[in-house]
Structure formats: C-alpha cells, structure tokens
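Following: one structure in structure tokens, then a few remarks.
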Amino acid sequence: MINQIADQIKQLKKEKDVCILAHCYQSENILEVADFVGDSFALSQRAAEVPQKNVLMCGVRFMAETVKILSPEKRVFLSSPDAGCPMAEQLDPEMLSDLKKSYPEHTVVAYINTTAELKTLCDVCVTSSSAVKIVNNIDNDKILFVPDCNLGDYIARQIPQKQIKLIHGGCPTHVRMTVNDVKKKKELYPDALLLVHPECTPDVVKLADYVGSTTGIMDYAEKSDNKSFIIGTENSIVEHLQVKCPDKMFYPLSKDCVCHNMKLTTIVDVLNCLKGTYGEEIFLDEQTIKDARRSIDEMLRLG
Ligand code: 13P
Ligand code: SF4
C-alpha cells in the first residue's frame, strides 16, 4: 500500500513539475519520495537551485518560507499547514524591535529557525552548521543572537572574544534531553560516542564527543570507526542512521526527543498536496521577501 502511494507521488511530481524537499527529521517513507533531503542550510541552498517551478516542503513553516524568499518566482507549498516551529515563532517583530533598541550597537544574528517577518529585522541568518563560522566572520564583536539561547551559548563558547547577548528560549524538543539521560545511556553503552545537536542545553552539549547539525551528526557517525553512538537529536536521525549504517548501533539519548511538528506530515499528505487537495501555498509580500532575503544573502556571503 505504502509502495503504491510512493509510486503515485513519484508519477505526480514529474507530471506537475514539483520538487519535493524533505528535512532530515521527516520519517523514512517521506525521505523515500523526496528529491532532496537535508538540514536547514542545505535545503535553503538547494531550494534556489532546483529546476522545477513548484516546490513542496516537507518540514515546518519557516523552511517553506525560506524557500519562497530564495525563489519568489516559484510556487512553494508546505506539506502540512499546521507544522510550525515553536522556537521560530517565540519572538514577534515587536519584541525583536524592542530588543534592538536595547542593543543598538549589536549585529542582530538570527538562527534560520525564525519566521520570515523576523528575518526582515535581522542583519544576518545562520544555520546550526554555519553559525560559528558566520558569527566569527561578522565585523562586529557585539552580537545579539536570537532566538535559541542554547545554540547561542554553543557559539559563544567557540568564540569567547565576542560579546554575545542571548535571550531566553529555544527548541522545546531538544531541551528535553538531560544530563541524567546522558548518564543512563553512557552506563548502558559505555563504548558509544555521544553526538548531539547544539540546540541541546549547554550541560548536555559539554558532555558530547561531537556537536553538530543533523547532517553533521549523520556524516560524523557514517565516517567514524566507532561502532556505536548515542544520538542527541530528533529521533528520526537514529532511524535514518540505522538504515544507512546497518553494521553500527544507534541509540536515542532520549525516546522523548520527537518533534511533533516535524512528524505531522504523512505520506498521504504528500500525495494529497500533489493532487491539490491538501497543503498550503506560501505567499509573502514583495517587501518581506526583499528584506528577509538580505539576511539570508548575508548568511551565504559570510558562510
Ligand atoms: P538543522 O537542520 O540545521 O540541524 O536544524 C535542526 C532543527 O531543529 C530543524 O528544525
Ligand atoms: Fe523547531 Fe525544534 Fe522542531 Fe526543529 S526540532 S522544528 S527547532 S521545534
């Protein structure tokens, strides 16, 4: 049955000139029908390069918005209209404008996990894989980093010479993993390396053998000579790694690390989007696209 749906999707996307992009936190059957799978940075770049006139984003809203910002001439669809990102939406433009007034000398750096509206107010965006490099390359030692204080803390530790102002907040999925989870898993699997995402809390990050984006974690595990790994990010990565590397063992740091929003998209949603009976087309006004694009272009220039 799933195979039949996948075949229909593959046929329809060709007929309708649709490129399907999937974030790595999507489930295995969505990756199977996607043209491109990646982390936020790779998806944001790939979106602008694909030849198709239509793009279907299997991920969350800010990712579909980023595709629209980079490719305004394309029709961009979000596979599941309810799939937001609580972190991306935790600040509104008014709150950020107030913060900017309090820190007028700071360069405003936003994690790409922010709404298009917020991007219009930022100087530069970063992704988890490019953050340290980009902040390092900014020609200002005073940085206001929004909205993830955990990623911000990780950057600040790598670049102690910069003053990085953080605001409270973060990813509700990654903050669920605790030092206690690390202790328990290390006891169970003493030879396993701990690989974590920088959205985890600093006390968890400090215990890690490797810290990186979702694809950073996957590349590290694939290339490592080690045979077992404790994975401190969304649990779909545990599954994808186990499929990719059947001779290695992967354990979730916590079974709780599941992003409900990323898991809203089902294979049937993808089919229905292609049929035009589900999903949402993303519309952004010209000014928002222009202003938000500035911060993404700056990210690509500095990264
Ligand atoms: P990356 O894909 O940049 O690693 O980000 C993880 C994430 O939380 C995406 O929502
Ligand atoms: Fe947002 Fe966290 Fe889910 Fe990523 S994992 S989409 S940052 S809530």
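Just remember, in the structure tokens the first chain shown is A, the second B, etc., residues are 1-based per chain, and ligands are 1-based in the order shown.
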- Task: Would you kindly return, as a count of residues only, each protein, DNA or RNA residue with an atom no farther than 10 Å from any atom of Val268 (chain A), considering only C-alpha atoms and excluding same-chain residues fewer than 6 positions away?
- Result: 8
- Message: Please identify all protein, DNA and RNA residues within 9 Å of ligand 2, counting only C-alpha atoms and all ligand atoms, and report them as an MDAnalysis selection string.
- Response: chainID A and resid 25 59:62 83:89 113 148 170:175 199 233:234 257:263
- Shell around Glu15 (chain A) at 12 Å using only C-alpha atoms, local window under 5 positions removed, as a VMD selection string: chain A and resid 8 to 10 52 to 54 274 to 275
So that I have them on file, write out the residues from the current selection with all heavy atoms, as a JSON list (two decimals), in the first residue's frame.
[["chain", "number", "residue", "atom", "x", "y", "z"],
["A", 8, "GLN", "N", 2.65, 6.63, -6.86],
["A", 8, "GLN", "CA", 1.75, 7.70, -7.33],
["A", 8, "GLN", "C", 2.42, 9.06, -7.15],
["A", 8, "GLN", "O", 2.34, 9.94, -8.01],
["A", 8, "GLN", "CB", 0.46, 7.69, -6.49],
["A", 8, "GLN", "CG", -0.67, 6.88, -7.09],
["A", 8, "GLN", "CD", -1.88, 6.96, -6.16],
["A", 8, "GLN", "OE1", -1.87, 6.35, -5.10],
["A", 8, "GLN", "NE2", -2.88, 7.72, -6.55],
["A", 9, "ILE", "N", 3.07, 9.22, -6.00],
["A", 9, "ILE", "CA", 3.75, 10.50, -5.71],
["A", 9, "ILE", "C", 4.85, 10.75, -6.74],
["A", 9, "ILE", "O", 4.96, 11.85, -7.30],
["A", 9, "ILE", "CB", 4.34, 10.49, -4.27],
["A", 9, "ILE", "CG1", 3.20, 10.57, -3.25],
["A", 9, "ILE", "CG2", 5.34, 11.63, -4.05],
["A", 9, "ILE", "CD1", 3.62, 10.38, -1.81],
["A", 10, "LYS", "N", 5.63, 9.71, -7.03],
["A", 10, "LYS", "CA", 6.74, 9.89, -7.97],
["A", 10, "LYS", "C", 6.22, 10.27, -9.36],
["A", 10, "LYS", "O", 6.81, 11.09, -10.06],
["A", 10, "LYS", "CB", 7.59, 8.62, -8.02],
["A", 10, "LYS", "CG", 8.45, 8.46, -6.75],
["A", 10, "LYS", "CD", 9.19, 7.16, -6.70],
["A", 10, "LYS", "CE", 9.79, 6.93, -5.33],
["A", 10, "LYS", "NZ", 10.24, 5.56, -5.08],
["A", 52, "GLN", "N", 12.73, 22.73, -11.03],
["A", 52, "GLN", "CA", 11.28, 22.68, -11.03],
["A", 52, "GLN", "C", 10.64, 24.02, -10.67],
["A", 52, "GLN", "O", 11.21, 24.77, -9.88],
["A", 52, "GLN", "CB", 10.77, 21.61, -10.04],
["A", 52, "GLN", "CG", 11.05, 20.19, -10.48],
["A", 52, "GLN", "CD", 12.38, 19.66, -9.95],
["A", 52, "GLN", "OE1", 13.27, 20.42, -9.61],
["A", 52, "GLN", "NE2", 12.50, 18.35, -9.89],
["A", 53, "LYS", "N", 9.44, 24.26, -11.21],
["A", 53, "LYS", "CA", 8.75, 25.55, -10.96],
["A", 53, "LYS", "C", 7.95, 25.51, -9.66],
["A", 53, "LYS", "O", 7.45, 26.53, -9.19],
["A", 53, "LYS", "CB", 7.83, 25.87, -12.12],
["A", 53, "LYS", "CG", 8.59, 26.21, -13.41],
["A", 53, "LYS", "CD", 7.69, 26.89, -14.42],
["A", 53, "LYS", "CE", 8.46, 27.41, -15.61],
["A", 53, "LYS", "NZ", 9.18, 26.36, -16.35],
["A", 54, "ASN", "N", 7.77, 24.32, -9.12],
["A", 54, "ASN", "CA", 7.00, 24.17, -7.88],
["A", 54, "ASN", "C", 7.82, 23.38, -6.87],
["A", 54, "ASN", "O", 8.51, 22.43, -7.24],
["A", 54, "ASN", "CB", 5.71, 23.39, -8.17],
["A", 54, "ASN", "CG", 4.92, 24.02, -9.29],
["A", 54, "ASN", "OD1", 4.34, 25.08, -9.13],
["A", 54, "ASN", "ND2", 4.94, 23.38, -10.46],
["A", 274, "LEU", "N", 0.06, 16.96, -3.76],
["A", 274, "LEU", "CA", 0.31, 16.88, -5.20],
["A", 274, "LEU", "C", -1.00, 16.86, -5.99],
["A", 274, "LEU", "O", -1.08, 17.35, -7.11],
["A", 274, "LEU", "CB", 1.16, 15.65, -5.54],
["A", 274, "LEU", "CG", 2.60, 15.73, -5.03],
["A", 274, "LEU", "CD1", 3.29, 14.38, -5.17],
["A", 274, "LEU", "CD2", 3.40, 16.79, -5.79],
["A", 275, "LYS", "N", -2.04, 16.29, -5.38],
["A", 275, "LYS", "CA", -3.35, 16.26, -6.05],
["A", 275, "LYS", "C", -4.05, 17.61, -5.92],
["A", 275, "LYS", "O", -5.10, 17.84, -6.53],
["A", 275, "LYS", "CB", -4.24, 15.19, -5.41],
["A", 275, "LYS", "CG", -3.85, 13.77, -5.77],
["A", 275, "LYS", "CD", -4.82, 12.82, -5.10],
["A", 275, "LYS", "CE", -4.55, 11.39, -5.46],
["A", 275, "LYS", "NZ", -5.35, 10.47, -4.60]]
- Using CA of Pro198 (chain A) and atom 10 (O, counted along the ligand's line) of ligand 1 as the two end points, give the distance in Å to one decimal. 11.7 Å
- Message: Distance limit 7 Å, reference ligand 1, atoms considered: only C-alpha atoms and all ligand atoms. Which residues make the cut? Give them as a list in words.
- Response: His23, Cys24, Gly38, Asp39, Ser40, Phe41, Asn113, Thr127, Ser128, Ser129, His197, Ser213, Thr214 and Thr215 of chain A
- Test item: residues at most 9 Å from Ile134 (chain A), only C-alpha atoms, excluding those fewer than 3 positions along its chain, as a ChimeraX atom specification: /A:124-126,130-131,137-138,299-303
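Shortest separation to Pro246 (chain A) among A:Ile230, A:Ala192, A:Leu21, A:Ala221 occurs at residue A:Ala221, atoms counted being only C-alpha atoms.
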- For Val135 (chain A): contacts at 12 Å, only C-alpha atoms, fewer than 4 positions along chain excluded, given as an MDAnalysis selection string: chainID A and resid 106:111 123:131 139:145 151:152 154:164 298:299 302:303
- Query: Among region 39-124 of chain A, which ones does DSSP place in strand (DSSP E), written as number ranges by chain?
  - Reply: A: 54-58, 75-78, 107-111, 124
- Task: Might you pull out every residue within 9 Å of Ile69 (chain A), with only C-alpha atoms counted and same-chain residues fewer than 3 positions away left off, and present them as an NGL selection string?
- Result: :A and (64-66 or 72 or 116 or 284 or 288-290 or 292-293 or 296)
- Where does DSSP see alpha helix (DSSP H) in region 119-232 of chain A, if you list the residues as a PyMOL selection string? chain A and resi 119+131-137+149-158+179-188+202-205+214-223
- Message: Nearest residue to Lys13 (chain A) out of A:Glu281, A:Glu28, A:Glu286, A:Asp35, using only C-alpha atoms?
- Response: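 Result for the nearest residue to Lys13 (chain A): A:Asp35.
When the distance limit is 8 Å and only C-alpha atoms are what count, the residues near Asp247 (chain A), minus those fewer than 2 positions from it on the same chain, are Lys227, Cys245 and Met249 of chain A.
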- Item | Which residue of A:Leu253, A:Leu43, A:Cys149, A:Val179 approaches Val196 (chain A) most closely, using only C-alpha atoms |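 Closest to Val196 (chain A) of all the choices is A:Leu253.
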- Item | Best match for closeness to Leu70 (chain A) among A:Lys16, A:Lys100, A:Cys273, A:Asp297, counting only C-alpha atoms |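 Closest candidate: A:Asp297.
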- Item | Interatomic distance, CA of Ala48 (chain A) to CA of Val67 (chain A) (Å, one decimal) | 7.1 Å
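Distance-wise, CA of Leu193 (chain A) and CA of Val243 (chain A) end up 18.3 Å apart.
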- Task: Can you work out which one of A:Met63, A:Cys122, A:Leu91, A:Leu207 has the shortest atom-to-atom distance to Leu195 (chain A), counting only C-alpha atoms?
- Result: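 Among A:Met63, A:Cys122, A:Leu91, A:Leu207, it is A:Leu207 that comes nearest to Leu195 (chain A).
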